[in-house]
file start_17.tsv (TSV, C-alpha atoms)
chain	number	residue	atom	x	y	z
A	1	MET	CA	90.27	-227.62	-72.91
A	2	ILE	CA	90.38	-229.87	-76.02
A	3	LYS	CA	87.58	-227.79	-77.60
A	4	ARG	CA	89.55	-224.57	-77.00
A	5	ALA	CA	92.68	-226.14	-78.60
A	6	ILE	CA	90.67	-227.17	-81.67
A	7	ILE	CA	89.18	-223.65	-82.05
A	8	LEU	CA	92.66	-222.15	-81.71
A	9	ALA	CA	94.10	-224.54	-84.35
A	10	VAL	CA	91.26	-223.68	-86.78
A	11	LEU	CA	91.75	-219.94	-86.21
A	12	MET	CA	95.51	-220.26	-86.81
A	13	ALA	CA	94.91	-222.20	-90.04
A	14	LEU	CA	92.44	-219.56	-91.26
A	15	THR	CA	94.88	-216.74	-90.46
A	16	ASP	CA	97.66	-218.50	-92.33
A	17	ALA	CA	95.42	-219.00	-95.36
A	18	ALA	CA	94.39	-215.35	-95.36
A	19	SER	CA	97.95	-214.01	-95.15
A	20	ALA	CA	99.45	-216.37	-97.75
A	21	GLN	CA	99.81	-215.17	-101.32
A	22	GLU	CA	97.48	-217.10	-103.60
A	23	GLY	CA	98.83	-219.06	-106.55
A	24	PRO	CA	102.36	-220.06	-107.54
A	25	THR	CA	105.47	-219.12	-105.58
A	26	THR	CA	107.80	-219.52	-108.56
A	27	MET	CA	108.07	-217.38	-111.66
A	28	ASP	CA	106.94	-219.12	-114.86
A	29	ILE	CA	110.26	-219.32	-116.74
A	30	ALA	CA	109.92	-220.41	-120.39
A	31	ARG	CA	113.50	-221.46	-121.18
A	32	LYS	CA	114.90	-220.48	-124.59
A	33	PRO	CA	115.59	-224.11	-125.66
A	34	ASP	CA	111.98	-225.05	-124.76
A	35	LEU	CA	110.24	-222.19	-126.65
A	36	LYS	CA	108.00	-223.54	-129.39
A	37	THR	CA	108.50	-222.23	-132.95
A	38	VAL	CA	105.65	-222.57	-135.45
A	39	ASP	CA	105.16	-221.41	-139.02
A	40	ALA	CA	102.93	-218.32	-139.22
A	41	PRO	CA	99.62	-219.12	-140.99
A	42	SER	CA	99.96	-218.66	-144.76
A	43	GLU	CA	96.48	-217.04	-144.92
A	44	TYR	CA	97.84	-214.02	-143.04
A	45	PHE	CA	101.47	-213.87	-144.13
A	46	THR	CA	103.39	-213.82	-147.41
A	47	GLY	CA	106.70	-215.71	-147.48
A	48	LYS	CA	108.43	-217.59	-144.66
A	49	VAL	CA	107.50	-216.30	-141.22
A	50	THR	CA	107.93	-218.10	-137.87
A	51	ILE	CA	106.38	-217.39	-134.46
A	52	THR	CA	108.35	-218.31	-131.31
A	53	GLY	CA	107.33	-218.36	-127.64
A	54	GLN	CA	103.80	-217.03	-128.20
A	55	PHE	CA	102.02	-216.12	-124.96
A	56	GLN	CA	98.63	-214.87	-123.76
A	57	ARG	CA	98.66	-213.80	-120.13
A	58	PRO	CA	95.71	-214.70	-117.86
A	59	ALA	CA	93.20	-212.06	-116.64
A	60	PRO	CA	93.43	-209.48	-115.20
A	61	SER	CA	96.31	-209.09	-117.71
A	62	ARG	CA	95.35	-208.48	-121.34
A	63	VAL	CA	98.89	-208.76	-122.72
A	64	SER	CA	99.73	-211.17	-125.52
A	65	GLY	CA	102.96	-211.42	-127.46
A	66	ALA	CA	105.45	-213.44	-129.47
A	67	ILE	CA	108.81	-213.29	-131.22
A	68	VAL	CA	108.14	-213.10	-134.97
A	69	HIS	CA	110.85	-213.74	-137.56
A	70	PHE	CA	110.45	-212.75	-141.23
A	71	GLU	CA	112.76	-214.19	-143.88
A	72	PRO	CA	113.80	-211.74	-146.65
A	73	GLY	CA	110.71	-210.73	-148.72
A	74	ALA	CA	108.24	-211.97	-146.10
A	75	ARG	CA	105.55	-209.73	-144.59
A	76	SER	CA	102.23	-209.78	-142.75
A	77	ALA	CA	98.89	-209.21	-144.47
A	78	TRP	CA	97.15	-205.89	-143.82
A	79	HIS	CA	95.62	-205.97	-140.33
A	80	THR	CA	94.48	-203.93	-137.32
A	81	HIS	CA	94.78	-204.39	-133.56
A	82	PRO	CA	91.86	-203.34	-131.31
A	83	ALA	CA	94.18	-201.54	-128.85
A	84	GLY	CA	97.29	-201.08	-131.02
A	85	GLN	CA	100.60	-202.93	-131.18
A	86	THR	CA	104.17	-202.43	-129.97
A	87	LEU	CA	107.01	-203.92	-132.02
A	88	ILE	CA	110.46	-204.21	-130.41
A	89	VAL	CA	112.89	-205.00	-133.21
A	90	THR	CA	115.64	-207.45	-132.22
A	91	GLU	CA	117.33	-208.31	-135.54
A	92	GLY	CA	117.68	-207.13	-139.13
A	93	VAL	CA	115.88	-204.51	-141.19
A	94	GLY	CA	112.15	-204.20	-141.86
A	95	TRP	CA	109.51	-202.19	-143.65
A	96	THR	CA	106.11	-201.04	-142.40
A	97	GLN	CA	103.20	-198.96	-143.61
A	98	ILE	CA	99.92	-197.62	-142.22
A	99	GLU	CA	97.17	-197.33	-144.85
A	100	GLY	CA	97.13	-193.86	-146.36
A	101	GLY	CA	100.74	-193.19	-145.42
A	102	GLY	CA	104.16	-194.04	-146.82
A	103	LYS	CA	106.35	-197.09	-146.31
A	104	TYR	CA	109.11	-196.69	-143.70
A	105	GLU	CA	112.25	-198.67	-142.89
A	106	PHE	CA	113.22	-199.71	-139.36
A	107	ARG	CA	116.16	-201.56	-137.81
A	108	ALA	CA	117.24	-203.74	-134.88
A	109	GLY	CA	116.89	-201.76	-131.64
A	110	ASP	CA	113.99	-199.59	-132.84
A	111	ILE	CA	110.65	-199.63	-130.95
A	112	LEU	CA	107.49	-199.14	-133.06
A	113	TRP	CA	103.94	-198.25	-132.07
A	114	CYS	CA	100.88	-198.69	-134.28
A	115	PRO	CA	97.76	-197.05	-132.78
A	116	ALA	CA	94.46	-198.90	-132.20
A	117	ASP	CA	92.39	-199.86	-135.27
A	118	HIS	CA	94.97	-198.58	-137.78
A	119	LYS	CA	95.26	-200.79	-140.85
A	120	HIS	CA	98.95	-201.61	-141.36
A	121	TRP	CA	101.51	-204.25	-142.32
A	122	HIS	CA	105.11	-205.04	-141.35
A	123	GLY	CA	107.77	-207.38	-142.61
A	124	ALA	CA	111.35	-207.91	-143.70
A	125	THR	CA	113.10	-206.14	-146.56
A	126	PRO	CA	113.64	-208.07	-149.81
A	127	HIS	CA	117.30	-208.84	-149.10
A	128	GLU	CA	117.52	-208.92	-145.30
A	129	GLY	CA	115.38	-210.72	-142.73
A	130	MET	CA	113.88	-209.12	-139.62
A	131	THR	CA	112.84	-210.29	-136.14
A	132	HIS	CA	110.61	-208.36	-133.75
A	133	ILE	CA	108.84	-208.96	-130.48
A	134	ALA	CA	105.15	-208.11	-130.98
A	135	ILE	CA	103.07	-207.04	-127.96
A	136	GLN	CA	99.37	-206.26	-128.00
A	137	ASP	CA	96.30	-206.05	-125.73
A	138	THR	CA	93.55	-208.61	-126.15
A	139	VAL	CA	90.14	-206.89	-126.10
A	140	ASP	CA	86.92	-208.96	-126.03
A	141	GLY	CA	88.93	-212.06	-126.94
A	142	LYS	CA	90.61	-210.48	-130.00
A	143	ASN	CA	94.07	-209.02	-130.49
A	144	VAL	CA	94.12	-208.79	-134.30
A	145	VAL	CA	91.76	-208.41	-137.27
A	146	TRP	CA	93.26	-209.84	-140.46
A	147	MET	CA	92.60	-208.35	-143.90
A	148	GLU	CA	93.85	-208.79	-147.48
A	149	LYS	CA	97.46	-209.65	-148.31
A	150	VAL	CA	100.04	-206.99	-149.18
A	151	THR	CA	100.61	-207.11	-152.94
A	152	ASP	CA	104.11	-207.09	-154.47
A	153	GLU	CA	103.32	-203.60	-155.80
A	154	GLU	CA	102.45	-202.33	-152.31
A	155	TYR	CA	105.43	-204.14	-150.74
A	156	LEU	CA	107.93	-202.79	-153.28
A	157	ALA	CA	106.57	-199.20	-153.32
A	158	PRO	CA	109.20	-196.46	-152.86
A	159	LEU	CA	110.46	-195.91	-149.33
A	160	GLU	CA	109.73	-192.68	-147.43
A	161	SER	CA	112.53	-191.03	-145.57
A	162	ASP	CA	111.87	-189.79	-142.01
B	1	MET	CA	71.23	-175.69	-159.17
B	2	ILE	CA	73.88	-173.97	-156.96
B	3	LYS	CA	72.04	-175.23	-153.86
B	4	ARG	CA	72.16	-178.81	-155.19
B	5	ALA	CA	75.92	-178.50	-155.89
B	6	ILE	CA	76.55	-177.25	-152.34
B	7	ILE	CA	74.55	-180.12	-150.82
B	8	LEU	CA	76.49	-182.60	-152.98
B	9	ALA	CA	79.85	-181.07	-151.93
B	10	VAL	CA	78.88	-181.25	-148.23
B	11	LEU	CA	77.73	-184.87	-148.61
B	12	MET	CA	81.01	-185.81	-150.34
B	13	ALA	CA	83.05	-184.11	-147.61
B	14	LEU	CA	81.07	-185.95	-144.90
B	15	THR	CA	81.54	-189.30	-146.69
B	16	ASP	CA	85.30	-188.71	-146.96
B	17	ALA	CA	85.56	-187.82	-143.26
B	18	ALA	CA	83.61	-190.93	-142.26
B	19	SER	CA	85.68	-193.32	-144.38
B	20	ALA	CA	89.09	-191.91	-143.43
B	21	GLN	CA	91.05	-193.57	-140.66
B	22	GLU	CA	91.40	-191.23	-137.69
B	23	GLY	CA	94.81	-190.28	-136.37
B	24	PRO	CA	98.32	-190.74	-137.76
B	25	THR	CA	99.11	-192.51	-141.02
B	26	THR	CA	102.69	-193.34	-140.02
B	27	MET	CA	103.91	-195.80	-137.42
B	28	ASP	CA	105.56	-194.15	-134.42
B	29	ILE	CA	109.15	-195.38	-134.86
B	30	ALA	CA	111.41	-194.69	-131.86
B	31	ARG	CA	114.87	-195.10	-133.42
B	32	LYS	CA	117.51	-196.91	-131.37
B	33	PRO	CA	119.95	-193.94	-131.35
B	34	ASP	CA	117.12	-191.67	-130.09
B	35	LEU	CA	115.93	-193.91	-127.21
B	36	LYS	CA	116.39	-192.18	-123.85
B	37	THR	CA	118.34	-194.02	-121.14
B	38	VAL	CA	117.85	-192.98	-117.51
B	39	ASP	CA	119.13	-194.31	-114.21
B	40	ALA	CA	116.52	-196.39	-112.38
B	41	PRO	CA	115.43	-194.67	-109.12
B	42	SER	CA	117.70	-195.67	-106.23
B	43	GLU	CA	114.65	-195.94	-103.89
B	44	TYR	CA	113.48	-199.00	-105.82
B	45	PHE	CA	116.71	-200.59	-107.05
B	46	THR	CA	120.00	-201.71	-105.50
B	47	GLY	CA	123.14	-201.16	-107.59
B	48	LYS	CA	123.43	-199.70	-111.09
B	49	VAL	CA	120.28	-200.13	-113.17
B	50	THR	CA	119.31	-198.23	-116.34
B	51	ILE	CA	115.94	-197.90	-118.09
B	52	THR	CA	115.87	-197.38	-121.89
B	53	GLY	CA	113.01	-196.52	-124.25
B	54	GLN	CA	110.29	-196.55	-121.60
B	55	PHE	CA	106.77	-196.36	-123.07
B	56	GLN	CA	103.15	-196.15	-121.90
B	57	ARG	CA	100.69	-196.73	-124.73
B	58	PRO	CA	97.53	-194.56	-124.95
B	59	ALA	CA	94.04	-195.94	-124.15
B	60	PRO	CA	92.43	-198.24	-125.13
B	61	SER	CA	95.85	-199.95	-124.73
B	62	ARG	CA	97.04	-200.61	-121.19
B	63	VAL	CA	100.54	-201.78	-122.15
B	64	SER	CA	103.64	-200.19	-120.69
B	65	GLY	CA	107.22	-201.36	-121.02
B	66	ALA	CA	110.93	-200.63	-121.10
B	67	ILE	CA	114.35	-202.18	-121.62
B	68	VAL	CA	115.97	-202.58	-118.18
B	69	HIS	CA	119.68	-203.27	-117.75
B	70	PHE	CA	121.17	-204.49	-114.44
B	71	GLU	CA	124.93	-204.31	-113.83
B	72	PRO	CA	126.41	-207.27	-111.90
B	73	GLY	CA	125.01	-207.36	-108.34
B	74	ALA	CA	122.11	-205.00	-109.15
B	75	ARG	CA	118.47	-205.94	-108.51
B	76	SER	CA	114.98	-204.48	-108.09
B	77	ALA	CA	113.34	-204.00	-104.69
B	78	TRP	CA	110.49	-206.37	-103.80
B	79	HIS	CA	107.37	-205.32	-105.73
B	80	THR	CA	104.07	-206.44	-107.24
B	81	HIS	CA	102.25	-205.66	-110.50
B	82	PRO	CA	98.44	-205.31	-110.50
B	83	ALA	CA	98.06	-207.52	-113.61
B	84	GLY	CA	101.42	-209.33	-113.62
B	85	GLN	CA	104.60	-208.81	-115.64
B	86	THR	CA	106.33	-210.42	-118.62
B	87	LEU	CA	110.13	-210.31	-118.81
B	88	ILE	CA	111.81	-211.07	-122.13
B	89	VAL	CA	115.51	-211.56	-121.38
B	90	THR	CA	117.81	-210.16	-124.06
B	91	GLU	CA	121.29	-210.36	-122.48
B	92	GLY	CA	123.20	-212.03	-119.66
B	93	VAL	CA	122.15	-214.06	-116.65
B	94	GLY	CA	119.70	-213.09	-113.90
B	95	TRP	CA	118.09	-214.23	-110.68
B	96	THR	CA	114.47	-213.91	-109.59
B	97	GLN	CA	112.29	-214.94	-106.66
B	98	ILE	CA	108.62	-214.83	-105.71
B	99	GLU	CA	108.03	-214.42	-101.95
B	100	GLY	CA	107.63	-217.81	-100.28
B	101	GLY	CA	109.48	-219.61	-103.08
B	102	GLY	CA	113.10	-220.23	-104.03
B	103	LYS	CA	115.49	-218.13	-106.09
B	104	TYR	CA	115.86	-219.18	-109.74
B	105	GLU	CA	118.39	-218.36	-112.45
B	106	PHE	CA	117.42	-217.32	-116.00
B	107	ARG	CA	119.31	-216.47	-119.17
B	108	ALA	CA	119.19	-214.49	-122.42
B	109	GLY	CA	116.33	-215.80	-124.59
B	110	ASP	CA	114.13	-216.92	-121.68
B	111	ILE	CA	110.62	-215.46	-121.26
B	112	LEU	CA	109.35	-215.03	-117.67
B	113	TRP	CA	105.87	-214.46	-116.30
B	114	CYS	CA	105.08	-213.22	-112.79
B	115	PRO	CA	101.34	-213.43	-111.98
B	116	ALA	CA	99.27	-210.47	-110.75
B	117	ASP	CA	99.88	-209.21	-107.19
B	118	HIS	CA	102.76	-211.62	-106.53
B	119	LYS	CA	105.54	-210.06	-104.49
B	120	HIS	CA	108.84	-210.68	-106.30
B	121	TRP	CA	112.21	-209.29	-107.33
B	122	HIS	CA	114.57	-209.72	-110.30
B	123	GLY	CA	118.09	-208.66	-111.13
B	124	ALA	CA	121.52	-209.58	-112.40
B	125	THR	CA	123.83	-212.20	-110.91
B	126	PRO	CA	126.82	-210.99	-108.83
B	127	HIS	CA	129.36	-211.52	-111.62
B	128	GLU	CA	127.33	-211.06	-114.83
B	129	GLY	CA	124.92	-208.31	-115.87
B	130	MET	CA	121.44	-208.88	-117.30
B	131	THR	CA	119.07	-207.01	-119.64
B	132	HIS	CA	115.36	-207.71	-120.03
B	133	ILE	CA	112.39	-206.11	-121.71
B	134	ALA	CA	109.68	-205.63	-119.07
B	135	ILE	CA	106.02	-205.51	-120.16
B	136	GLN	CA	103.06	-204.91	-117.87
B	137	ASP	CA	99.42	-203.75	-117.90
B	138	THR	CA	98.59	-200.43	-116.28
B	139	VAL	CA	95.43	-200.79	-114.13
B	140	ASP	CA	93.79	-197.71	-112.56
B	141	GLY	CA	96.90	-195.67	-113.38
B	142	LYS	CA	99.34	-198.09	-111.70
B	143	ASN	CA	101.62	-200.76	-113.12
B	144	VAL	CA	103.80	-201.45	-110.06
B	145	VAL	CA	103.65	-201.30	-106.25
B	146	TRP	CA	107.12	-200.90	-104.72
B	147	MET	CA	108.10	-202.46	-101.38
B	148	GLU	CA	111.26	-202.94	-99.28
B	149	LYS	CA	114.69	-203.56	-100.81
B	150	VAL	CA	116.13	-207.04	-101.30
B	151	THR	CA	118.76	-207.57	-98.61
B	152	ASP	CA	122.19	-209.04	-99.43
B	153	GLU	CA	121.14	-212.14	-97.47
B	154	GLU	CA	118.03	-212.60	-99.62
B	155	TYR	CA	119.93	-211.80	-102.82
B	156	LEU	CA	122.75	-214.26	-102.08
B	157	ALA	CA	120.50	-217.11	-100.82
B	158	PRO	CA	121.15	-220.53	-102.37
B	159	LEU	CA	119.84	-221.06	-105.89
B	160	GLU	CA	117.03	-223.54	-106.61
B	161	SER	CA	117.43	-225.87	-109.55
B	162	ASP	CA	114.44	-226.34	-111.88
call {"tool": "encode", "arguments": {"input": "start_17.tsv", "output": "structure tokens"}}
result
Amino acid sequence: MIKRAIILAVLMALTDAASAQEGPTTMDIARKPDLKTVDAPSEYFTGKVTITGQFQRPAPSRVSGAIVHFEPGARSAWHTHPAGQTLIVTEGVGWTQIEGGGKYEFRAGDILWCPADHKHWHGATPHEGMTHIAIQDTVDGKNVVWMEKVTDEEYLAPLESD
Amino acid sequence: MIKRAIILAVLMALTDAASAQEGPTTMDIARKPDLKTVDAPSEYFTGKVTITGQFQRPAPSRVSGAIVHFEPGARSAWHTHPAGQTLIVTEGVGWTQIEGGGKYEFRAGDILWCPADHKHWHGATPHEGMTHIAIQDTVDGKNVVWMEKVTDEEYLAPLESD
């Protein structure tokens, strides 16, 4: 009788374990006042650029992202992303260019897409800052390949109109 | 002599093709005034919810996303994401819950993470709307599995404090 009770208790425990969701039962909420802001590395950016709330999600996700703020005149170096990059612009006015194409302006509320392995840069305009959320896939441990800096001549080249 | 010139021309053309970047030489800029807004499907949401600027990036990217706005009292149904979901809150105050855990409040500027395959819901509070950017990986053609709706009793359950 005791043996049967023990078997039953073990079976019930196993069933509970199998039906329970694994892992946390609360959302991970990174609160705005607690988000870390760091200076973007000067090797890869020109001017004053800050990175806030950077995240890399655990597998099976491949998503990484951050809020990136560019002071007026600031911009990234030329770079590529192995699976492309989405930019959701939250403030200000920016410029961007893919190698071989013209330089285009974008504004708060716009959503940009740069395809995989396309060499490009993005940044603020000379007289107005810009903030965007940047989202990219990490592939084989990499989400960006950095290249040479954007020269003043490249940065200040005439703007294309849509 | 003509033969040599032809061979040279072919070689030059091949070299050009190999060195050129494939695909577009302009960023895809979805301008704010051109973003499409649609009502979220009433099978999967309670109350008034709109989806703006929805995107699914082409392979090798797996990223999909959208700007989702919940009017006061509106919320998603219970659901899971095969590789989790990031919510970047841009306006208002919201509530969220993972099954088996408490209900938590979040605010504009917070960044939320729900792990893969965790049954959860998110929405506005009863008296204030909420907007978030939702980002998820698409795995085997799916980025969400929808379940039953969140009852009023579940929605109005007491709030946990952090």
call {"tool": "atom_distance", "arguments": {"input": "start_17.tsv", "atom1": "CA of His120 in chain B", "atom2": "CA of Asp152 in chain B"}}
result
15.1 Å
call {"tool": "residues_around", "arguments": {"input": "start_17.tsv", "residues": "Phe55 in chain B", "least_positions_apart": "2", "cutoff": "12 Å", "atoms": "all atoms listed in the file", "output": "PyMOL selection string"}}
result
(chain A and resi 86-88+111-113) or (chain B and resi 28+30+35-37+51-53+57-58+61-67+133-138)
call {"tool": "write_last_selection", "arguments": {"input": "start_17.tsv", "atoms": "C-alpha atoms", "output": "short mmCIF file (atom, residue, chain, number, x, y, z; two decimals), in the frame of the given file"}}
result
data_model
loop_
_atom_site.label_atom_id
_atom_site.label_comp_id
_atom_site.auth_asym_id
_atom_site.auth_seq_id
_atom_site.Cartn_x
_atom_site.Cartn_y
_atom_site.Cartn_z
CA THR A 86 104.17 -202.43 -129.97
CA LEU A 87 107.01 -203.92 -132.02
CA ILE A 88 110.46 -204.21 -130.41
CA ILE A 111 110.65 -199.63 -130.95
CA LEU A 112 107.49 -199.14 -133.06
CA TRP A 113 103.94 -198.25 -132.07
CA ASP B 28 105.56 -194.15 -134.42
CA ALA B 30 111.41 -194.69 -131.86
CA LEU B 35 115.93 -193.91 -127.21
CA LYS B 36 116.39 -192.18 -123.85
CA THR B 37 118.34 -194.02 -121.14
CA ILE B 51 115.94 -197.90 -118.09
CA THR B 52 115.87 -197.38 -121.89
CA GLY B 53 113.01 -196.52 -124.25
CA ARG B 57 100.69 -196.73 -124.73
CA PRO B 58 97.53 -194.56 -124.95
CA SER B 61 95.85 -199.95 -124.73
CA ARG B 62 97.04 -200.61 -121.19
CA VAL B 63 100.54 -201.78 -122.15
CA SER B 64 103.64 -200.19 -120.69
CA GLY B 65 107.22 -201.36 -121.02
CA ALA B 66 110.93 -200.63 -121.10
CA ILE B 67 114.35 -202.18 -121.62
CA ILE B 133 112.39 -206.11 -121.71
CA ALA B 134 109.68 -205.63 -119.07
CA ILE B 135 106.02 -205.51 -120.16
CA GLN B 136 103.06 -204.91 -117.87
CA ASP B 137 99.42 -203.75 -117.90
CA THR B 138 98.59 -200.43 -116.28
#
call {"tool": "closest_residue", "arguments": {"input": "start_17.tsv", "among": "B:Met147, B:Glu154, B:Asp162, B:Gly123", "to": "Gly100 in chain B", "atoms": "only C-alpha atoms"}}
result
B:Glu154
call {"tool": "residues_around", "arguments": {"input": "start_17.tsv", "residues": "Lys48 in chain B", "least_positions_apart": "3", "cutoff": "10 Å", "atoms": "all atoms listed in the file", "output": "list in words"}}
result
Asp39, Ala40, Pro41, Ser42, Phe45, His69, Phe70, Glu71, Pro72, Gly73, Ala74, Arg75 and Gly129 of chain B
call {"tool": "closest_residue", "arguments": {"input": "start_17.tsv", "among": "B:Ala124, B:Ala77, B:Cys114, B:Met130", "to": "Thr90 in chain B", "atoms": "all atoms listed in the file"}}
result
B:Met130
call {"tool": "atom_distance", "arguments": {"input": "start_17.tsv", "atom1": "CA of Thr25 in chain B", "atom2": "CA of Gly92 in chain A"}}
result
23.7 Å
call {"tool": "closest_residue", "arguments": {"input": "start_17.tsv", "among": "B:Ile29, B:Val49, B:Trp78, B:Phe106", "to": "Gly94 in chain A", "atoms": "all atoms listed in the file"}}
result
B:Ile29
call {"tool": "atom_distance", "arguments": {"input": "start_17.tsv", "atom1": "CA of Asp117 in chain A", "atom2": "CA of Trp95 in chain A"}}
result
19.2 Å
call {"tool": "closest_residue", "arguments": {"input": "start_17.tsv", "among": "A:Arg107, A:Ala157, A:Pro115, A:Ser76", "to": "Glu128 in chain A", "atoms": "only C-alpha atoms"}}
result
A:Arg107
call {"tool": "closest_residue", "arguments": {"input": "start_17.tsv", "among": "A:Gln85, A:Tyr44, A:Ile98, A:Thr50", "to": "chain B", "atoms": "all atoms listed in the file"}}
result
A:Ile98
call {"tool": "build_atoms", "arguments": {"input": "start_17.tsv", "residues": "range 87-98 of chain B", "atoms": "N, CA and C atoms", "output": "PDB file, in the frame of the given file"}}
result
ATOM      1  N   LEU B  87     108.737-210.724-118.602  1.00  0.00           N
ATOM      2  CA  LEU B  87     110.130-210.310-118.810  1.00  0.00           C
ATOM      3  C   LEU B  87     110.697-211.112-119.974  1.00  0.00           C
ATOM      4  N   ILE B  88     111.179-210.420-120.991  1.00  0.00           N
ATOM      5  CA  ILE B  88     111.810-211.070-122.130  1.00  0.00           C
ATOM      6  C   ILE B  88     113.305-210.748-122.027  1.00  0.00           C
ATOM      7  N   VAL B  89     114.101-211.772-121.725  1.00  0.00           N
ATOM      8  CA  VAL B  89     115.510-211.560-121.380  1.00  0.00           C
ATOM      9  C   VAL B  89     116.339-211.471-122.661  1.00  0.00           C
ATOM     10  N   THR B  90     117.073-210.373-122.811  1.00  0.00           N
ATOM     11  CA  THR B  90     117.810-210.160-124.060  1.00  0.00           C
ATOM     12  C   THR B  90     119.320-210.336-123.913  1.00  0.00           C
ATOM     13  N   GLU B  91     119.833-210.247-122.690  1.00  0.00           N
ATOM     14  CA  GLU B  91     121.290-210.360-122.480  1.00  0.00           C
ATOM     15  C   GLU B  91     121.592-210.886-121.081  1.00  0.00           C
ATOM     16  N   GLY B  92     122.641-211.703-120.968  1.00  0.00           N
ATOM     17  CA  GLY B  92     123.200-212.030-119.660  1.00  0.00           C
ATOM     18  C   GLY B  92     122.466-213.086-118.877  1.00  0.00           C
ATOM     19  N   VAL B  93     122.690-213.054-117.573  1.00  0.00           N
ATOM     20  CA  VAL B  93     122.150-214.060-116.650  1.00  0.00           C
ATOM     21  C   VAL B  93     121.560-213.328-115.446  1.00  0.00           C
ATOM     22  N   GLY B  94     120.359-213.753-115.020  1.00  0.00           N
ATOM     23  CA  GLY B  94     119.700-213.090-113.900  1.00  0.00           C
ATOM     24  C   GLY B  94     119.181-214.052-112.862  1.00  0.00           C
ATOM     25  N   TRP B  95     118.737-213.479-111.762  1.00  0.00           N
ATOM     26  CA  TRP B  95     118.090-214.230-110.680  1.00  0.00           C
ATOM     27  C   TRP B  95     116.743-213.596-110.414  1.00  0.00           C
ATOM     28  N   THR B  96     115.790-214.425-109.956  1.00  0.00           N
ATOM     29  CA  THR B  96     114.470-213.910-109.590  1.00  0.00           C
ATOM     30  C   THR B  96     113.861-214.781-108.505  1.00  0.00           C
ATOM     31  N   GLN B  97     112.939-214.212-107.756  1.00  0.00           N
ATOM     32  CA  GLN B  97     112.290-214.940-106.660  1.00  0.00           C
ATOM     33  C   GLN B  97     110.910-214.355-106.423  1.00  0.00           C
ATOM     34  N   ILE B  98     109.926-215.244-106.224  1.00  0.00           N
ATOM     35  CA  ILE B  98     108.620-214.830-105.710  1.00  0.00           C
ATOM     36  C   ILE B  98     108.613-215.138-104.218  1.00  0.00           C
TER      37      ILE B  98
END
